[in-house]
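So this block is coords-v6.cif, mmCIF, C-alpha atoms and all ligand atoms:
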```
data_final
loop_
_atom_site.label_atom_id
_atom_site.label_comp_id
_atom_site.auth_asym_id
_atom_site.auth_seq_id
_atom_site.Cartn_x
_atom_site.Cartn_y
_atom_site.Cartn_z
CA MET A 208 133.81 72.89 62.59
CA GLN A 209 133.82 75.95 60.36
CA ASP A 210 130.48 74.80 58.90
CA ASN A 211 128.92 74.50 62.36
CA GLN A 212 130.09 77.97 63.26
CA ASP A 213 128.62 79.34 60.06
CA VAL A 214 125.26 77.68 60.78
CA THR A 215 125.20 79.10 64.30
CA LYS A 216 126.12 82.55 63.03
CA LYS A 217 123.37 82.35 60.43
CA GLU A 218 120.85 81.18 63.02
CA GLN A 219 121.82 84.05 65.30
CA TYR A 220 121.55 86.49 62.42
CA ASN A 221 118.08 85.19 61.53
CA LEU A 222 116.96 85.31 65.15
CA ASN A 223 118.13 88.91 65.46
CA LYS A 224 116.24 89.82 62.31
CA LEU A 225 113.12 88.11 63.58
CA GLN A 226 113.38 89.79 66.96
CA LYS A 227 113.80 93.16 65.25
CA ARG A 228 110.69 92.58 63.15
CA LEU A 229 108.63 91.56 66.19
CA ARG A 230 109.92 94.59 68.09
CA ARG A 231 109.03 96.83 65.19
CA ASN A 232 105.52 95.32 64.90
CA VAL A 233 104.91 95.66 68.64
CA GLY A 234 106.35 99.19 68.71
CA GLU A 235 104.06 100.26 65.87
CA ALA A 236 100.97 98.78 67.50
CA ILE A 237 101.82 100.46 70.79
CA ALA A 238 102.24 103.80 69.05
CA ASP A 239 99.17 103.51 66.77
CA PHE A 240 96.84 102.71 69.65
CA ASN A 241 98.63 104.60 72.42
CA MET A 242 98.79 101.34 74.35
CA ILE A 243 101.49 102.30 76.85
CA GLU A 244 101.86 105.58 78.69
CA GLU A 245 104.32 107.06 81.15
CA GLY A 246 104.18 105.28 84.51
CA ASP A 247 102.06 102.35 83.35
CA ARG A 248 102.20 99.16 85.37
CA ILE A 249 101.40 96.47 82.86
CA MET A 250 100.03 93.13 83.91
CA VAL A 251 101.30 90.66 81.31
CA CYS A 252 99.02 87.63 81.22
CA LEU A 253 101.29 84.65 80.89
CA SER A 254 99.67 81.34 80.04
CA GLY A 255 102.86 79.46 79.25
CA GLY A 256 102.11 79.36 75.51
CA LYS A 257 104.32 80.71 72.73
CA ASP A 258 102.33 83.93 72.32
CA SER A 259 102.48 85.11 75.90
CA TYR A 260 106.17 84.24 76.28
CA THR A 261 106.92 86.20 73.12
CA MET A 262 104.87 89.15 74.31
CA LEU A 263 106.72 89.27 77.62
CA GLU A 264 110.10 88.98 75.93
CA ILE A 265 109.43 91.74 73.39
CA LEU A 266 107.93 94.07 76.01
CA ARG A 267 110.99 93.55 78.22
CA ASN A 268 113.12 94.31 75.24
CA LEU A 269 111.25 97.48 74.36
CA GLN A 270 111.36 98.60 77.96
CA GLN A 271 115.10 99.22 77.54
CA SER A 272 114.67 101.77 74.78
CA ALA A 273 111.10 103.07 75.09
CA PRO A 274 110.66 106.84 75.39
CA VAL A 275 108.28 106.26 78.33
CA ASN A 276 108.87 104.47 81.63
CA PHE A 277 106.69 101.50 82.42
CA THR A 278 106.90 98.40 84.56
CA LEU A 279 105.85 94.83 83.90
CA ILE A 280 104.36 92.22 86.17
CA ALA A 281 103.71 88.77 84.77
CA VAL A 282 100.58 87.05 86.03
CA ASN A 283 99.75 83.41 85.56
CA LEU A 284 96.50 81.83 86.56
CA ASP A 285 96.95 78.28 87.79
CA GLN A 286 93.51 76.84 87.10
CA LYS A 287 94.38 73.54 88.75
CA GLN A 288 94.10 71.53 85.61
CA PRO A 289 95.38 67.98 86.07
CA GLY A 290 99.08 67.75 85.34
CA PHE A 291 99.70 71.53 85.32
CA PRO A 292 103.48 71.83 85.82
CA GLU A 293 103.41 74.56 88.46
CA HIS A 294 107.18 74.91 88.78
CA ILE A 295 107.84 75.91 85.14
CA LEU A 296 106.72 79.54 85.11
CA PRO A 297 108.13 80.55 88.51
CA GLU A 298 111.49 79.02 87.56
CA TYR A 299 111.54 80.77 84.21
CA LEU A 300 110.46 84.13 85.65
CA ASP A 301 113.03 83.90 88.45
CA THR A 302 115.72 83.22 85.87
CA ILE A 303 114.88 86.26 83.76
CA GLY A 304 114.23 88.43 86.83
CA VAL A 305 110.69 89.60 86.08
CA GLU A 306 108.28 90.47 88.89
CA TYR A 307 105.39 88.01 88.86
CA LYS A 308 102.35 86.66 90.64
CA ILE A 309 100.86 83.21 90.34
CA VAL A 310 97.15 83.17 91.11
CA GLU A 311 95.76 79.81 92.16
CA GLU A 312 92.04 79.25 91.59
CA ASN A 313 90.43 75.90 90.97
CA THR A 314 88.27 76.93 88.03
CA TYR A 315 88.80 73.46 86.61
CA ALA A 316 86.68 71.94 89.41
CA ILE A 317 83.97 74.59 88.98
CA VAL A 318 83.77 73.99 85.25
CA LYS A 319 83.68 70.20 85.66
CA ASP A 320 80.96 70.56 88.26
CA LYS A 321 78.74 72.94 86.27
CA ILE A 322 79.11 71.72 82.68
CA PRO A 323 77.69 68.32 81.75
CA GLU A 324 80.13 65.78 80.30
CA GLY A 325 80.64 66.22 76.56
CA LYS A 326 79.53 69.91 76.47
CA THR A 327 82.08 72.61 75.72
CA THR A 328 83.61 74.12 78.78
CA CYS A 329 85.45 77.07 77.27
CA SER A 330 82.87 79.79 77.64
CA LEU A 331 82.37 79.32 81.41
CA CYS A 332 86.10 78.73 81.88
CA SER A 333 87.09 81.92 80.09
CA ARG A 334 84.41 83.93 81.88
CA LEU A 335 85.78 82.77 85.22
CA ARG A 336 89.34 83.42 84.10
CA ARG A 337 88.48 86.93 82.92
CA GLY A 338 86.89 87.79 86.26
CA ILE A 339 89.91 86.53 88.19
CA LEU A 340 92.35 88.39 85.98
CA TYR A 341 90.43 91.67 86.32
CA ARG A 342 90.30 91.24 90.10
CA THR A 343 94.03 90.51 90.15
CA ALA A 344 94.77 93.60 88.05
CA THR A 345 93.00 95.72 90.66
CA GLU A 346 94.81 94.00 93.54
CA ILE A 347 98.26 94.55 92.06
CA GLY A 348 97.53 98.09 90.92
CA ALA A 349 97.98 97.37 87.21
CA THR A 350 97.04 100.20 84.87
CA LYS A 351 96.90 97.99 81.75
CA ILE A 352 96.28 94.30 81.10
CA ALA A 353 98.30 92.87 78.20
CA LEU A 354 97.01 89.83 76.31
CA GLY A 355 99.03 87.82 73.79
CA HIS A 356 96.62 87.72 70.84
CA HIS A 357 98.30 88.30 67.48
CA ARG A 358 97.32 89.36 63.97
CA ASP A 359 96.19 85.87 62.97
CA ASP A 360 93.94 85.58 66.05
CA ILE A 361 92.38 88.90 65.10
CA LEU A 362 91.70 87.77 61.52
CA GLN A 363 90.36 84.41 62.68
CA THR A 364 87.94 86.23 64.97
CA LEU A 365 86.84 88.46 62.11
CA PHE A 366 86.00 85.42 59.97
CA LEU A 367 84.39 83.55 62.87
CA ASN A 368 82.11 86.50 63.43
CA MET A 369 81.33 86.80 59.74
CA PHE A 370 80.75 83.09 59.15
CA TYR A 371 78.89 82.23 62.33
CA GLY A 372 77.98 85.45 64.12
CA GLY A 373 76.67 87.60 61.27
CA LYS A 374 78.83 90.50 62.38
CA LEU A 375 81.76 92.38 60.91
CA LYS A 376 83.74 92.34 64.12
CA GLY A 377 87.30 91.37 64.95
CA MET A 378 89.29 91.69 68.15
CA PRO A 379 90.36 95.18 69.23
CA PRO A 380 94.05 95.92 69.90
CA LYS A 381 92.95 98.16 72.79
CA LEU A 382 89.66 98.20 74.67
CA MET A 383 87.92 98.96 77.89
CA SER A 384 87.21 95.73 79.77
CA ASP A 385 83.60 94.59 80.03
CA ASP A 386 83.52 95.55 83.73
CA GLY A 387 84.43 99.09 82.64
CA LYS A 388 87.43 99.23 84.99
CA HIS A 389 90.46 98.08 83.03
CA ILE A 390 92.25 98.92 79.83
CA VAL A 391 93.16 95.78 77.92
CA ILE A 392 95.89 95.92 75.29
CA ARG A 393 97.11 93.44 72.65
CA PRO A 394 100.68 94.47 71.85
CA LEU A 395 101.13 91.57 69.38
CA ALA A 396 98.23 92.81 67.23
CA TYR A 397 100.54 93.43 64.23
CA CYS A 398 102.66 90.27 64.67
CA ARG A 399 102.38 87.26 62.40
CA GLU A 400 101.79 83.96 64.13
CA LYS A 401 104.50 82.27 62.08
CA ASP A 402 107.06 84.82 63.32
CA ILE A 403 105.97 84.17 66.90
CA GLU A 404 106.24 80.42 66.36
CA ARG A 405 109.76 80.68 64.97
CA PHE A 406 110.83 83.11 67.68
CA SER A 407 109.44 80.88 70.41
CA THR A 408 111.23 77.83 69.02
CA ALA A 409 114.51 79.70 68.63
CA LYS A 410 114.29 81.04 72.18
CA ALA A 411 113.32 77.58 73.52
CA PHE A 412 110.64 78.97 75.82
CA PRO A 413 109.45 76.32 78.31
CA ILE A 414 106.03 75.83 76.76
CA ILE A 415 103.20 74.48 78.88
CA PRO A 416 100.76 72.37 76.83
CA CYS A 417 97.39 74.00 76.31
CA ASN A 418 95.22 70.88 76.34
CA LEU A 419 95.53 69.98 80.01
CA CYS A 420 91.86 70.70 80.63
CA GLY A 421 90.93 67.92 78.21
CA SER A 422 88.58 70.23 76.33
CA GLN A 423 88.02 69.73 72.61
CA PRO A 424 89.71 72.36 70.49
CA ASN A 425 87.36 74.96 69.05
CA LEU A 426 86.64 73.26 65.75
CA GLN A 427 85.17 76.30 64.04
CA ARG A 428 88.24 78.38 64.88
CA GLN A 429 90.45 75.53 63.73
CA VAL A 430 88.70 75.36 60.36
CA ILE A 431 89.20 79.09 59.88
CA ALA A 432 92.84 78.91 60.98
CA ASP A 433 93.43 76.16 58.39
CA MET A 434 91.67 78.20 55.72
CA LEU A 435 93.86 81.24 56.43
CA ARG A 436 97.03 79.15 56.48
CA ASP A 437 96.09 77.63 53.15
CA TRP A 438 95.44 81.08 51.63
CA ASP A 439 98.73 82.31 52.99
CA LYS A 440 100.59 79.55 51.16
CA ARG A 441 98.66 79.77 47.91
CA TYR A 442 98.13 83.54 47.70
CA PRO A 443 101.05 85.29 49.38
CA GLY A 444 100.09 88.72 50.64
CA ARG A 445 96.38 87.95 51.08
CA ILE A 446 96.58 87.83 54.88
CA GLU A 447 98.48 91.12 54.98
CA THR A 448 95.94 92.76 52.69
CA MET A 449 93.00 91.50 54.71
CA PHE A 450 94.54 92.86 57.88
CA ARG A 451 95.19 96.14 56.12
CA ALA A 452 91.49 96.19 55.16
CA MET A 453 90.59 96.07 58.84
CA GLN A 454 92.52 99.30 59.23
CA ASP A 455 90.82 101.04 56.33
CA VAL A 456 87.07 100.69 56.75
CA VAL A 457 84.66 102.59 54.49
CA PRO A 458 81.30 102.66 56.31
CA SER A 459 79.55 104.36 53.39
CA HIS A 460 80.28 101.25 51.29
CA LEU A 461 78.92 98.75 53.77
CA CYS A 462 75.30 98.31 54.77
CA ASP A 463 75.14 99.32 58.43
CA THR A 464 72.58 102.08 58.75
CA GLU A 465 73.79 102.82 62.28
CA LEU A 466 77.29 103.50 61.01
CA PHE A 467 76.44 105.62 58.03
CA ASP A 468 73.48 107.89 57.31
CA PHE A 469 72.27 106.39 54.03
CA LYS A 470 68.86 107.97 54.48
CA GLY A 471 70.55 111.36 54.53
CA ILE A 472 71.74 111.01 50.92
CA HIS A 473 69.55 113.14 48.66
CA HIS A 474 69.73 114.77 45.25
CA GLY A 475 72.44 117.35 45.50
CA SER A 476 74.47 115.43 48.11
CA GLU A 477 78.22 115.32 47.50
CA VAL A 478 80.00 112.23 46.14
CA ILE A 479 80.95 110.18 49.16
CA ASP A 480 84.15 108.10 49.37
CA GLY A 481 84.57 108.02 45.59
CA GLY A 482 81.05 106.87 44.76
CA ASP A 483 80.59 103.35 43.42
CA LEU A 484 83.54 102.84 41.11
CA ALA A 485 85.26 100.01 42.89
CA PHE A 486 83.93 97.11 40.89
CA ASP A 487 82.99 98.51 37.52
CA ARG A 488 85.61 100.96 36.37
CA GLN A 489 88.53 100.56 38.70
CA GLU A 490 91.06 97.84 38.00
CA ILE A 491 91.42 95.44 40.91
CA PRO A 492 95.18 94.87 41.27
CA LEU A 493 96.35 91.30 40.79
CA THR A 494 98.93 91.60 43.51
CA PRO A 495 97.70 92.53 46.96
CA VAL A 496 97.57 96.28 47.61
CA GLY A 497 100.53 97.77 49.42
CA TRP A 498 102.22 94.47 49.96
CA GLU A 499 105.71 93.38 49.05
CA GLU A 500 107.02 89.99 49.89
CA ASP A 501 110.25 90.13 51.84
CA SER A 502 113.06 87.84 50.74
CA GLU A 503 112.82 85.70 53.87
CA SER A 504 109.09 84.92 53.44
CA LYS A 505 109.67 84.26 49.78
CA SER A 506 112.37 81.70 50.42
CA GLN A 507 110.19 80.05 53.12
CA ARG A 508 107.27 79.85 50.70
CA LEU A 509 109.42 78.42 47.96
CA ASP A 510 110.81 75.86 50.41
CA ILE A 511 107.26 74.76 51.21
CA LEU A 512 106.36 74.50 47.53
CA GLU A 513 109.51 72.50 46.82
CA VAL A 514 108.78 70.06 49.62
CA LYS A 515 105.33 69.48 48.09
S1 LIG B 601 90.60 75.11 76.39
FE1 LIG B 601 90.34 74.45 78.52
S2 LIG B 601 91.50 75.99 79.71
FE2 LIG B 601 91.17 76.84 77.67
S3 LIG B 601 89.27 78.02 77.85
FE3 LIG B 601 88.68 76.00 77.13
S4 LIG B 601 88.20 74.88 79.00
FE4 LIG B 601 89.38 76.66 79.61
#
```
Could you spell out this file's structure in structure tokens?
Ligand code: SF4
Amino acid sequence: MQDNQDVTKKEQYNLNKLQKRLRRNVGEAIADFNMIEEGDRIMVCLSGGKDSYTMLEILRNLQQSAPVNFTLIAVNLDQKQPGFPEHILPEYLDTIGVEYKIVEENTYAIVKDKIPEGKTTCSLCSRLRRGILYRTATEIGATKIALGHHRDDILQTLFLNMFYGGKLKGMPPKLMSDDGKHIVIRPLAYCREKDIERFSTAKAFPIIPCNLCGSQPNLQRQVIADMLRDWDKRYPGRIETMFRAMQDVVPSHLCDTELFDFKGIHHGSEVIDGGDLAFDRQEIPLTPVGWEEDSESKSQRLDILEVK
């Protein structure tokens, strides 16, 4: 009995720690990008996956102590995929007392009709979804649209663009929507996917499966996700350092002539961004820059290694 109580206490302690970390990550992202302002009405896009549930939970949590007043409205788009359990989200949202709107649009039928069998449906599907969500944001008077992408999604996108798109381009934590009318924010931009996974499991969110449309998973993204997961296990700190690199860009040491005036460098110009010392004189640190493994991650990593 005593043992059980100790386990539960420990679980609760770990959950509190995890929640604090997620809150801190979200709070920092909100502050760094000025994501939320006084009086904002934030449309929280809720798909029924772990990320969007976590985003809603942490935003609700921050609402209690934030220095600015803002309101939340959860929006789910029911795309009429076969087997979509329509009762789950309304029941959950009623229980936690969050204002919400379920938008019903049969994009599934449109996609099936327009895209030949065997071809990928995601690009039309997400275009339709985006349009509906923007329209809904206008209808409900939302000032911001919050999406549940996290740090690992952002890094995956960076690598996808590098490997396949020939662009150094990730996923912005805050942006103007492509119709120029809405501000989109990603409050989980600094959160690790593994934290979100653990939080979602501990909170027992009623997850809705994401493969109801029957579409193939994006194989290229999957390959990159596996690569990053593998690096994370074998080289602790690498993911953190790569994300840090996205926040510390040196255009004069890349090759984009639009971003930096290389032609303007002449005899007599000043040394720019330290010149070219990085790879010949400077020592490259063996441990990732500015990264320290916390005790919890270390014990998780060692557990994984021991299991192997
Ligand atoms: S996985 Fe299915 S629901 Fe998601 S974007 Fe692709 S087609 Fe649409």
| field | Point (112.4, 90.8, 75.7) neighbourhood (12 Å, all atoms listed in the file) written as a list in words | value |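 Counting all atoms listed in the file, I find these residues within 12 Å of (112.4, 90.8, 75.7): Asn223, Gln226, Lys227, Leu229, Arg230, Val233, Ser259, Tyr260, Thr261, Met262, Leu263, Glu264, Ile265, Leu266, Arg267, Asn268, Leu269, Gln270, Gln271, Ser272, Leu279, Ile303, Gly304, Val305, Phe406, Ser407, Lys410 and Phe412 of chain A.
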| query | Residues within 9 Å of ligand LIG 601 (chain B) (all atoms listed in the file), as a PyMOL selection string? | reply | chain A and resi 286+288+314-315+318+327-334+336+417-425
| task | Would you mind reading off the distance between CA of Ile403 in chain A and CA of Gly338 in chain A, one decimal, in Å? | result |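 For CA of Ile403 in chain A relative to CA of Gly338 in chain A, the distance reads 27.4 Å.
Here the question is which of A:Val251, A:Leu225, A:Ile415, A:Met242 gets nearest to Gly290 in chain A using only C-alpha atoms, and that residue is A:Ile415.
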What box, with edges along x, y and z, holds each listed atom of range 216-229 of chain A when 3 Å is added on every side, and can you state its centre and edge lengths in Å to one decimal, as lines of an AutoDock Vina configuration file?
```
center_x = 117.4
center_y = 87.2
center_z = 63.7
size_x = 23.5
size_y = 18.0
size_z = 12.5
```
| Length of the CA of His357 in chain A to CA of Pro289 in chain A vector [Å] |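 Spanning CA of His357 in chain A to CA of Pro289 in chain A is a straight-line distance of 27.7 Å.
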| Nearest to Tyr299 in chain A by atom-to-atom distance, counting all atoms listed in the file, from A:Ile431, A:Ile243, A:Cys462, A:Ile414 | A:Ile414
